>>> print(open('run.txt').read())   # compact mmCIF, C-alpha atoms
# COMPACT_ATOMS: atom_id res chain seq x y z
CA MET A 1 169.79 62.35 29.55
CA SER A 2 168.89 66.00 29.38
CA ALA A 3 170.94 68.30 31.61
CA SER A 4 169.11 70.65 33.93
CA VAL A 5 170.02 73.55 36.13
CA THR A 6 169.53 71.37 39.19
CA SER A 7 172.02 68.78 37.90
CA LEU A 8 174.90 70.88 39.22
CA SER A 9 175.96 69.76 42.66
CA ARG A 10 175.73 72.19 45.56
CA ARG A 11 179.52 72.07 45.84
CA GLN A 12 179.97 73.03 42.20
CA LEU A 13 177.60 75.93 42.56
CA LEU A 14 179.15 77.34 45.70
CA ILE A 15 182.88 77.08 44.96
CA GLY A 16 184.16 80.56 44.22
CA GLY A 17 180.80 82.11 45.07
CA ALA A 18 179.08 80.66 42.01
CA GLY A 19 175.83 79.98 43.80
CA THR A 20 173.96 82.85 42.15
CA LEU A 21 175.21 82.55 38.61
CA LEU A 22 172.48 80.29 37.28
CA ALA A 23 169.65 82.54 38.38
CA ALA A 24 170.78 85.51 36.29
CA PRO A 25 169.81 86.04 32.62
CA PHE A 26 172.60 85.74 30.10
CA ILE A 27 174.25 89.15 29.81
CA ALA A 28 176.81 90.23 27.22
CA ASN A 29 178.75 93.43 27.86
CA GLY A 30 176.14 94.49 30.38
CA VAL A 31 173.13 94.08 28.08
CA ALA A 32 170.68 91.18 28.32
CA ARG A 33 170.57 89.16 25.11
CA ALA A 34 167.33 88.96 23.25
CA GLU A 35 165.65 85.57 23.25
CA GLY A 36 167.03 83.40 20.48
CA GLU A 37 170.16 85.50 20.00
CA ALA A 38 173.28 83.45 20.66
CA LYS A 39 176.90 84.50 20.76
CA PRO A 40 179.34 82.39 18.72
CA PHE A 41 181.79 80.46 20.89
CA ARG A 42 184.47 78.28 19.29
CA ILE A 43 186.03 75.54 21.41
CA ALA A 44 189.32 73.98 20.32
CA TRP A 45 189.52 70.29 21.14
CA ASN A 46 190.60 66.87 19.94
CA THR A 47 187.62 64.71 18.99
CA GLY A 48 189.53 61.60 20.05
CA ALA A 49 190.00 62.93 23.57
CA VAL A 50 187.41 60.95 25.50
CA CYS A 51 187.69 63.27 28.48
CA SER A 52 186.14 66.04 26.35
CA ALA A 53 182.92 64.08 25.89
CA PRO A 54 180.95 66.45 28.18
CA VAL A 55 181.77 69.34 25.83
CA GLY A 56 180.15 67.48 22.94
CA TYR A 57 177.25 66.56 25.21
CA ALA A 58 176.77 70.22 26.17
CA ILE A 59 176.61 71.21 22.49
CA GLU A 60 174.30 68.42 21.38
CA LYS A 61 171.92 68.79 24.35
CA GLY A 62 171.61 72.56 23.96
CA ILE A 63 173.29 73.42 27.26
CA PHE A 64 175.50 76.06 25.68
CA ALA A 65 172.48 77.44 23.84
CA LYS A 66 170.58 77.66 27.13
CA HIS A 67 173.33 79.96 28.35
CA GLY A 68 173.21 82.15 25.25
CA LEU A 69 176.09 80.63 23.29
CA ALA A 70 176.20 79.15 19.80
CA ALA A 71 179.06 76.76 20.51
CA GLU A 72 181.01 74.87 17.89
CA THR A 73 184.16 72.80 18.07
CA LEU A 74 187.42 73.30 16.22
CA THR A 75 189.40 70.08 15.93
CA PHE A 76 193.01 70.81 16.78
CA ALA A 77 195.86 68.41 16.10
CA GLY A 78 198.86 70.72 16.43
CA SER A 79 201.26 71.24 19.32
CA THR A 80 200.19 72.60 22.68
CA GLU A 81 202.06 75.81 21.93
CA GLN A 82 200.06 76.21 18.71
CA LEU A 83 196.82 75.59 20.57
CA LEU A 84 197.63 78.14 23.26
CA GLU A 85 198.73 80.63 20.61
CA ALA A 86 195.39 80.10 18.85
CA LEU A 87 193.65 80.90 22.13
CA ALA A 88 195.87 83.86 22.95
CA THR A 89 195.27 85.38 19.50
CA GLY A 90 191.51 84.82 19.52
CA LYS A 91 191.27 82.09 16.88
CA ALA A 92 189.10 80.23 19.41
CA GLU A 93 187.14 81.45 22.41
CA GLY A 94 187.86 78.39 24.54
CA ALA A 95 189.73 75.10 24.74
CA VAL A 96 189.84 71.98 26.88
CA GLY A 97 193.12 70.21 27.53
CA MET A 98 195.45 68.57 30.02
CA ALA A 99 196.69 70.83 32.80
CA LEU A 100 200.11 69.18 32.94
CA ARG A 101 200.51 69.76 29.21
CA TRP A 102 199.79 73.48 29.50
CA PHE A 103 201.78 74.63 32.51
CA LYS A 104 205.21 74.90 30.83
CA PRO A 105 203.96 76.97 27.85
CA LEU A 106 201.96 79.14 30.26
CA GLU A 107 205.10 79.72 32.30
CA GLN A 108 206.61 81.13 29.11
CA GLY A 109 203.95 83.81 28.94
CA PHE A 110 200.96 82.83 26.77
CA ASP A 111 198.01 85.14 27.49
CA VAL A 112 195.55 82.39 28.42
CA LYS A 113 193.38 82.02 31.54
CA LEU A 114 192.51 78.70 33.20
CA ILE A 115 188.88 78.90 34.29
CA ALA A 116 187.69 75.50 35.54
CA GLY A 117 188.84 71.95 36.04
CA THR A 118 186.74 69.55 33.97
CA HIS A 119 187.63 66.19 35.51
CA GLY A 120 190.32 64.07 37.14
CA GLY A 121 191.93 60.93 35.76
CA CYS A 122 192.98 59.74 32.25
CA LEU A 123 196.77 59.44 32.77
CA ARG A 124 198.12 55.94 33.40
CA LEU A 125 201.43 54.13 33.79
CA LEU A 126 201.30 50.55 32.51
CA GLY A 127 203.98 47.97 33.23
CA TRP A 128 204.81 44.94 31.11
CA LYS A 129 204.47 41.83 33.26
CA PRO A 130 206.76 39.65 31.11
CA ALA A 131 209.55 42.18 31.82
CA GLY A 132 208.86 42.04 35.55
CA ILE A 133 207.61 45.64 35.76
CA GLU A 134 204.71 45.78 38.21
CA LYS A 135 205.47 48.70 40.56
CA LEU A 136 207.08 52.14 40.41
CA GLU A 137 210.30 50.92 42.00
CA ASP A 138 210.79 48.50 39.09
CA LEU A 139 211.30 51.41 36.67
CA LYS A 140 214.78 52.30 37.94
CA GLY A 141 217.17 51.78 35.05
CA LYS A 142 214.36 50.83 32.66
CA VAL A 143 212.85 52.30 29.50
CA VAL A 144 209.41 53.95 29.55
CA ALA A 145 207.67 54.65 26.24
CA VAL A 146 205.98 58.07 25.97
CA ALA A 147 204.32 60.01 23.16
CA ASP A 148 206.70 62.97 23.49
CA GLN A 149 209.19 64.42 25.94
CA SER A 150 206.62 67.02 27.09
CA SER A 151 203.99 64.35 27.69
CA PRO A 152 201.74 65.10 30.66
CA ALA A 153 201.95 61.41 31.53
CA LYS A 154 205.75 61.66 31.65
CA SER A 155 205.49 64.74 33.89
CA PHE A 156 203.06 63.03 36.24
CA ILE A 157 205.00 59.78 36.54
CA SER A 158 208.16 61.80 37.07
CA LEU A 159 206.46 63.36 40.10
CA ARG A 160 205.60 59.92 41.43
CA LEU A 161 209.11 58.59 40.88
CA ALA A 162 210.70 61.56 42.61
CA LEU A 163 208.53 60.92 45.66
CA ILE A 164 210.07 57.43 46.09
CA GLY A 165 213.64 58.58 45.55
CA ILE A 166 214.11 57.73 41.87
CA ASP A 167 215.57 60.52 39.75
CA PRO A 168 213.28 60.55 36.67
CA ALA A 169 215.82 62.45 34.59
CA ARG A 170 218.83 60.22 35.30
CA GLU A 171 217.52 56.85 36.39
CA VAL A 172 214.74 56.29 33.83
CA ASP A 173 215.10 56.28 30.04
CA TRP A 174 212.10 57.99 28.41
CA ARG A 175 211.77 57.05 24.73
CA VAL A 176 209.36 58.64 22.28
CA TYR A 177 206.97 56.69 20.04
CA PRO A 178 203.64 57.61 18.42
CA GLY A 179 200.81 57.12 20.88
CA ASN A 180 199.27 54.26 18.93
CA LEU A 181 202.64 52.47 18.76
CA LEU A 182 203.60 52.67 22.43
CA GLY A 183 202.24 49.19 23.03
CA LEU A 184 204.18 47.76 20.09
CA ALA A 185 207.40 49.25 21.47
CA VAL A 186 206.75 47.49 24.78
CA GLU A 187 205.78 44.19 23.18
CA LYS A 188 208.98 44.23 21.04
CA GLY A 189 211.08 44.73 24.16
CA GLU A 190 212.23 48.25 23.28
CA ALA A 191 210.54 49.54 26.47
CA GLN A 192 209.37 47.86 29.66
CA ALA A 193 206.50 50.23 30.48
CA LEU A 194 204.45 52.99 28.91
CA ALA A 195 203.05 56.25 30.27
CA HIS A 196 200.15 57.71 28.33
CA TRP A 197 196.45 58.53 28.51
CA ASP A 198 193.02 57.27 27.58
CA PRO A 199 191.66 56.08 25.24
CA ASP A 200 194.94 54.36 24.26
CA THR A 201 195.80 53.15 27.77
CA HIS A 202 192.25 51.89 28.31
CA PHE A 203 192.67 49.60 25.31
CA TYR A 204 196.22 48.54 26.16
CA LEU A 205 194.93 47.34 29.53
CA LYS A 206 192.70 44.80 27.81
CA ASP A 207 195.89 42.83 27.20
CA GLU A 208 196.43 40.92 30.46
CA ARG A 209 200.18 41.16 30.05
CA TYR A 210 199.93 44.80 31.15
CA VAL A 211 199.48 45.90 34.75
CA GLN A 212 198.32 49.35 35.80
CA ILE A 213 201.04 50.66 38.09
CA ALA A 214 199.92 54.23 38.69
CA THR A 215 197.27 56.74 37.62
CA ASN A 216 196.54 60.36 38.38
CA LEU A 217 193.65 59.24 40.55
CA ASP A 218 195.93 57.59 43.12
CA GLY A 219 196.11 58.91 46.67
CA GLU A 220 196.00 62.69 46.99
CA TYR A 221 195.66 63.02 43.22
CA ALA A 222 192.14 61.63 43.40
CA ASN A 223 191.13 65.19 44.26
CA ARG A 224 193.16 66.92 41.56
CA THR A 225 191.95 68.01 38.16
CA CYS A 226 193.49 66.48 35.05
CA CYS A 227 191.94 68.59 32.30
CA ILE A 228 191.06 72.26 32.28
CA PHE A 229 188.80 74.69 30.42
CA ALA A 230 190.71 77.80 29.32
CA VAL A 231 189.97 81.02 27.42
CA PRO A 232 191.97 83.85 25.83
CA GLY A 233 193.21 86.40 28.34
CA LYS A 234 191.66 89.21 26.29
CA LEU A 235 188.22 87.58 26.35
CA TYR A 236 188.52 87.02 30.11
CA ARG A 237 189.34 90.67 30.74
CA GLU A 238 186.72 92.10 28.39
CA ASP A 239 183.77 89.71 28.63
CA LYS A 240 183.65 87.67 31.81
CA THR A 241 179.93 87.11 31.29
CA THR A 242 180.55 85.05 28.16
CA VAL A 243 183.35 83.14 29.87
CA ARG A 244 181.10 82.44 32.86
CA ALA A 245 178.31 81.23 30.58
CA ALA A 246 180.66 78.82 28.77
CA ALA A 247 182.15 77.52 32.00
CA THR A 248 178.69 77.05 33.50
CA ALA A 249 177.58 75.02 30.47
CA ILE A 250 180.64 72.78 30.76
CA LEU A 251 180.12 72.31 34.50
CA GLU A 252 176.49 71.36 33.95
CA ALA A 253 177.50 68.83 31.31
CA SER A 254 180.18 67.45 33.62
CA ALA A 255 177.62 66.99 36.39
CA ALA A 256 175.28 65.23 33.97
CA THR A 257 178.16 63.00 32.85
CA ALA A 258 179.05 62.05 36.41
CA LYS A 259 175.41 61.10 37.01
CA ASP A 260 174.87 59.23 33.74
CA PRO A 261 178.15 58.25 32.01
CA ARG A 262 176.42 56.10 29.42
CA GLY A 263 174.08 58.89 28.43
CA THR A 264 177.02 61.16 27.66
CA ALA A 265 178.89 58.35 25.91
CA GLU A 266 175.95 57.67 23.61
CA VAL A 267 175.46 61.33 22.72
CA PHE A 268 179.18 61.81 22.12
CA TYR A 269 179.49 58.68 20.00
CA ASN A 270 176.42 59.36 17.87
CA ALA A 271 177.38 62.96 17.18
CA TYR A 272 181.17 62.76 16.76
CA LYS A 273 181.90 59.12 15.88
CA PRO A 274 185.15 58.67 17.85
CA LYS A 275 187.10 55.44 17.36
CA SER A 276 185.98 54.13 20.76
CA GLY A 277 182.57 52.46 20.86
CA VAL A 278 179.80 53.24 23.33
CA GLU A 279 180.75 50.51 25.82
CA ASP A 280 184.38 51.61 26.01
CA LEU A 281 183.41 55.27 26.10
CA THR A 282 181.05 54.56 28.99
CA ALA A 283 183.76 52.74 30.92
CA MET A 284 186.25 55.56 30.47
CA VAL A 285 183.80 58.37 31.18
CA ALA A 286 182.67 56.58 34.34
CA TYR A 287 186.29 56.11 35.44
CA HIS A 288 187.19 59.78 35.00
CA THR A 289 186.03 61.98 37.87
CA HIS A 290 183.67 64.35 36.07
CA SER A 291 182.27 65.39 39.44
CA HIS A 292 185.58 67.11 40.28
CA ASN A 293 185.37 70.63 38.82
CA PRO A 294 187.45 73.13 40.80
CA VAL A 295 186.96 76.83 40.06
CA GLY A 296 188.06 80.02 41.81
CA GLU A 297 190.30 79.59 44.83
CA ALA A 298 190.03 75.79 44.67
CA LEU A 299 191.45 75.76 41.14
CA LYS A 300 194.16 78.25 42.04
CA GLN A 301 195.29 76.06 44.91
CA GLU A 302 195.54 73.01 42.63
CA ILE A 303 197.67 75.04 40.21
CA VAL A 304 199.98 76.03 43.08
CA LEU A 305 200.36 72.39 44.14
CA TYR A 306 201.16 71.24 40.62
CA ALA A 307 203.62 74.10 40.09
CA ASP A 308 205.46 73.24 43.31
CA GLU A 309 205.75 69.61 42.18
CA LEU A 310 206.72 70.38 38.58
CA LYS A 311 209.61 72.53 39.76
CA LYS A 312 211.02 69.52 41.59
CA VAL A 313 211.24 67.51 38.36
CA GLN A 314 212.56 70.37 36.20
CA VAL A 315 209.37 70.85 34.18
CA LEU A 316 208.97 74.38 35.52
CA LYS A 317 211.93 76.61 36.38
CA PRO A 318 213.06 76.41 40.03
CA SER A 319 212.88 80.20 40.16
CA THR A 320 209.17 80.29 39.29
CA ASP A 321 207.05 81.54 42.18
CA SER A 322 204.19 79.02 42.28
CA ARG A 323 201.66 81.40 43.81
CA LYS A 324 202.46 84.25 41.45
CA PHE A 325 202.30 81.81 38.55
CA ALA A 326 198.86 80.60 39.67
CA GLU A 327 197.62 84.16 40.11
CA ARG A 328 198.73 85.01 36.58
CA VAL A 329 197.30 82.02 34.74
CA PHE A 330 193.99 81.35 36.49
CA GLY A 331 190.79 83.31 36.05
CA ASP A 332 187.82 83.57 38.43
CA VAL A 333 184.45 84.34 36.84
CA PHE A 334 182.27 83.02 39.66
CA SER A 335 183.11 85.40 42.53
>>> encode(input="run.txt", output="C-alpha cells")
Amino acid sequence: MSASVTSLSRRQLLIGGAGTLLAAPFIANGVARAEGEAKPFRIAWNTGAVCSAPVGYAIEKGIFAKHGLAAETLTFAGSTEQLLEALATGKAEGAVGMALRWFKPLEQGFDVKLIAGTHGGCLRLLGWKPAGIEKLEDLKGKVVAVADQSSPAKSFISLRLALIGIDPAREVDWRVYPGNLLGLAVEKGEAQALAHWDPDTHFYLKDERYVQIATNLDGEYANRTCCIFAVPGKLYREDKTTVRAAATAILEASAATAKDPRGTAEVFYNAYKPKSGVEDLTAMVAYHTHSHNPVGEALKQEIVLYADELKKVQVLKPSTDSRKFAERVFGDVFS
C-alpha cells in the first residue's frame, strides 16, 4: 500500500508535541528546499533484520523522498560498537537496531542520539520440550544457547530470570553459538534452550519440539520498544530538521506496516530479497508491534526503565544514573 500523511495515528503525531511537524515544508538549516532537491541520508542496517522492513518500505514507496531525503541503506555486519562508531563519526546519518544491544556501548560514551522507537517484539526464549524445558523456572542450572555474550536476547531473559529469583549470572550457563546454529546446539543436547531473535526464532518455532517460553511482548513489555532509530550526535545538534524528517518517514512507514503487514512484506521482499519469503515476513511483521513508536518523553521514560533493569543484571554499571543516562542518549526532535 502507499503510505500517506494520514496513516500516522493521532497518538504518534502528538507524542512529544509532534502534531504540527507534518504540515511544515521540509527545511534544511532554516532554508526551504527547492522542489526535487533531496538531501542524502544513509541508513545503516542489516538486510536480514525483518524488523527493519518498514525502512525498506519507506525508501521504496518514496516516503523519505516526500520528506526531502534521498535515503539509501548501508548493510552493516560488524559489531555494535563498530556500528555506533560509524554513526558517531558520520559514516552514516542514521541506523536502526536493538535497544538492548546499544545501551552498554552508549553508556561508554558514543556520541549517538536515540530518536524514536520503531517497534516492539522480536526477542524470544525457546525451550526444548524433550529436555523438559517449558517455563522460565526450568532454566535454573541449565544451558541456554545465545549468539554472543552481549546478546540483547540474553540481556532480556536475564531480566526475566532475575524477577523470579534466578541469578542469571550464576545459575544459568550461557553458551555462544552462531545464530543459525543455535537450534543445532539444542538438538544435539549441548543446550536445553535458546534465546535469540527473529527471523531465526520464527523458523525454529516451526519445529514442534520447541516451546516459546518468553518474549519481549509479555506483560509490561508489550508496551516497550525493541528497536530504535538513532542518529549521530553531531547531526542531531546541527540539523534537527533533517533528523525530524527521517524519523517522520520511518514513523509513517511503521504506521503503514501496522495497518498492512503483507503490503510491507511484499515491498521489502521484492526490493531486498531477504532469506525469508513473503508469507513468513508477513507473519513476523504482523507479530511485531509496529504501532508502538515512542518519541520524546515517552522514549526517554522507556530508556530509564530499561537502564534501571539492566543495572540489576550487571549489563550497565550499578553507579550509572538511569535518568542522566537517558537524558544524555535520547534526542527529541518533535517538541
>>> atom_distance(input="run.txt", atom1="atom CA of A:Leu251", atom2="atom CA of A:Thr118")
7.2 Å
>>> residues_around(input="run.txt", residues="A:Ser151", least_positions_apart="3", cutoff="12 Å", atoms="all atoms listed in the file", output="ChimeraX atom specification")
/A:79-80,98-104,123-124,144-148,154-158,174-179,194-197,315
>>> atom_distance(input="run.txt", atom1="atom CA of A:Ser322", atom2="atom CA of A:Asp308")
6.0 Å
>>> residues_around(input="run.txt", residues="A:Val243", least_positions_apart="5", cutoff="9 Å", atoms="all atoms listed in the file", output="ChimeraX atom specification")
/A:93-94,115,231,235-236,248,333
>>> atom_distance(input="run.txt", atom1="atom CA of A:Glu81", atom2="atom CA of A:Ala53")
22.8 Å
>>> residues_near_point(input="run.txt", point="(212.7, 49.5, 27.4)", cutoff="10 Å", atoms="only C-alpha atoms", output="ChimeraX atom specification")
/A:128,131,139,141-145,172-175,185-194
>>> residues_around(input="run.txt", residues="A:Lys135", least_positions_apart="4", cutoff="10 Å", atoms="all atoms listed in the file", output="NGL selection string")
:A and (125-127 or 139 or 211-214)
>>> closest_residue(input="run.txt", among="A:Val329, A:Cys227, A:Leu217, A:Leu69", to="A:Gly117", atoms="all atoms listed in the file")
A:Cys227
>>> residues_around(input="run.txt", residues="A:Ala92", least_positions_apart="2", cutoff="12 Å", atoms="only C-alpha atoms", output="NGL selection string")
:A and (40-45 or 71-76 or 82-90 or 94-96 or 112 or 230-235)
>>> build_atoms(input="run.txt", residues="stretch 32-56 of chain A", atoms="N, CA and C atoms", output="JSON list (two decimals), in the coordinates of the input")
[["chain", "number", "residue", "atom", "x", "y", "z"],
["A", 32, "ALA", "N", 171.31, 92.48, 28.42],
["A", 32, "ALA", "CA", 170.68, 91.18, 28.32],
["A", 32, "ALA", "C", 170.46, 90.82, 26.86],
["A", 33, "ARG", "N", 170.77, 89.58, 26.49],
["A", 33, "ARG", "CA", 170.57, 89.16, 25.11],
["A", 33, "ARG", "C", 169.10, 88.89, 24.83],
["A", 34, "ALA", "N", 168.69, 89.24, 23.65],
["A", 34, "ALA", "CA", 167.33, 88.96, 23.25],
["A", 34, "ALA", "C", 167.14, 87.47, 23.11],
["A", 35, "GLU", "N", 165.92, 87.00, 23.35],
["A", 35, "GLU", "CA", 165.65, 85.57, 23.25],
["A", 35, "GLU", "C", 165.96, 85.08, 21.84],
["A", 36, "GLY", "N", 166.68, 83.98, 21.77],
["A", 36, "GLY", "CA", 167.03, 83.40, 20.48],
["A", 36, "GLY", "C", 168.34, 83.90, 19.92],
["A", 37, "GLU", "N", 168.88, 84.99, 20.48],
["A", 37, "GLU", "CA", 170.16, 85.50, 20.00],
["A", 37, "GLU", "C", 171.29, 84.80, 20.75],
["A", 38, "ALA", "N", 172.19, 84.20, 20.02],
["A", 38, "ALA", "CA", 173.28, 83.45, 20.66],
["A", 38, "ALA", "C", 174.61, 83.98, 20.18],
["A", 39, "LYS", "N", 175.57, 84.00, 21.08],
["A", 39, "LYS", "CA", 176.90, 84.50, 20.76],
["A", 39, "LYS", "C", 177.78, 83.35, 20.31],
["A", 40, "PRO", "N", 178.45, 83.46, 19.18],
["A", 40, "PRO", "CA", 179.34, 82.39, 18.72],
["A", 40, "PRO", "C", 180.45, 82.12, 19.74],
["A", 41, "PHE", "N", 180.74, 80.84, 19.94],
["A", 41, "PHE", "CA", 181.79, 80.46, 20.89],
["A", 41, "PHE", "C", 182.47, 79.21, 20.34],
["A", 42, "ARG", "N", 183.72, 79.38, 19.89],
["A", 42, "ARG", "CA", 184.47, 78.28, 19.29],
["A", 42, "ARG", "C", 185.35, 77.62, 20.35],
["A", 43, "ILE", "N", 185.26, 76.29, 20.43],
["A", 43, "ILE", "CA", 186.03, 75.54, 21.41],
["A", 43, "ILE", "C", 187.01, 74.62, 20.69],
["A", 44, "ALA", "N", 188.30, 74.84, 20.92],
["A", 44, "ALA", "CA", 189.32, 73.98, 20.32],
["A", 44, "ALA", "C", 189.43, 72.70, 21.14],
["A", 45, "TRP", "N", 189.44, 71.57, 20.45],
["A", 45, "TRP", "CA", 189.52, 70.29, 21.14],
["A", 45, "TRP", "C", 190.05, 69.23, 20.19],
["A", 46, "ASN", "N", 190.24, 68.04, 20.72],
["A", 46, "ASN", "CA", 190.60, 66.87, 19.94],
["A", 46, "ASN", "C", 189.44, 65.89, 20.07],
["A", 47, "THR", "N", 188.80, 65.57, 18.95],
["A", 47, "THR", "CA", 187.62, 64.71, 18.99],
["A", 47, "THR", "C", 187.93, 63.35, 19.62],
["A", 48, "GLY", "N", 189.17, 62.90, 19.49],
["A", 48, "GLY", "CA", 189.53, 61.60, 20.05],
["A", 48, "GLY", "C", 189.77, 61.62, 21.54],
["A", 49, "ALA", "N", 189.78, 62.81, 22.13],
["A", 49, "ALA", "CA", 190.00, 62.93, 23.57],
["A", 49, "ALA", "C", 188.71, 62.62, 24.32],
["A", 50, "VAL", "N", 188.63, 61.41, 24.85],
["A", 50, "VAL", "CA", 187.41, 60.95, 25.50],
["A", 50, "VAL", "C", 187.00, 61.86, 26.66],
["A", 51, "CYS", "N", 188.00, 62.44, 27.33],
["A", 51, "CYS", "CA", 187.69, 63.27, 28.48],
["A", 51, "CYS", "C", 186.95, 64.55, 28.09],
["A", 52, "SER", "N", 186.88, 64.87, 26.80],
["A", 52, "SER", "CA", 186.14, 66.04, 26.35],
["A", 52, "SER", "C", 184.70, 65.72, 26.00],
["A", 53, "ALA", "N", 184.28, 64.48, 26.24],
["A", 53, "ALA", "CA", 182.92, 64.08, 25.89],
["A", 53, "ALA", "C", 181.84, 65.02, 26.44],
["A", 54, "PRO", "N", 181.98, 65.53, 27.68],
["A", 54, "PRO", "CA", 180.95, 66.45, 28.18],
["A", 54, "PRO", "C", 180.79, 67.73, 27.35],
["A", 55, "VAL", "N", 181.88, 68.16, 26.69],
["A", 55, "VAL", "CA", 181.77, 69.34, 25.83],
["A", 55, "VAL", "C", 180.84, 69.04, 24.66],
["A", 56, "GLY", "N", 181.05, 67.87, 24.03],
["A", 56, "GLY", "CA", 180.15, 67.48, 22.94],
["A", 56, "GLY", "C", 178.73, 67.30, 23.43]]
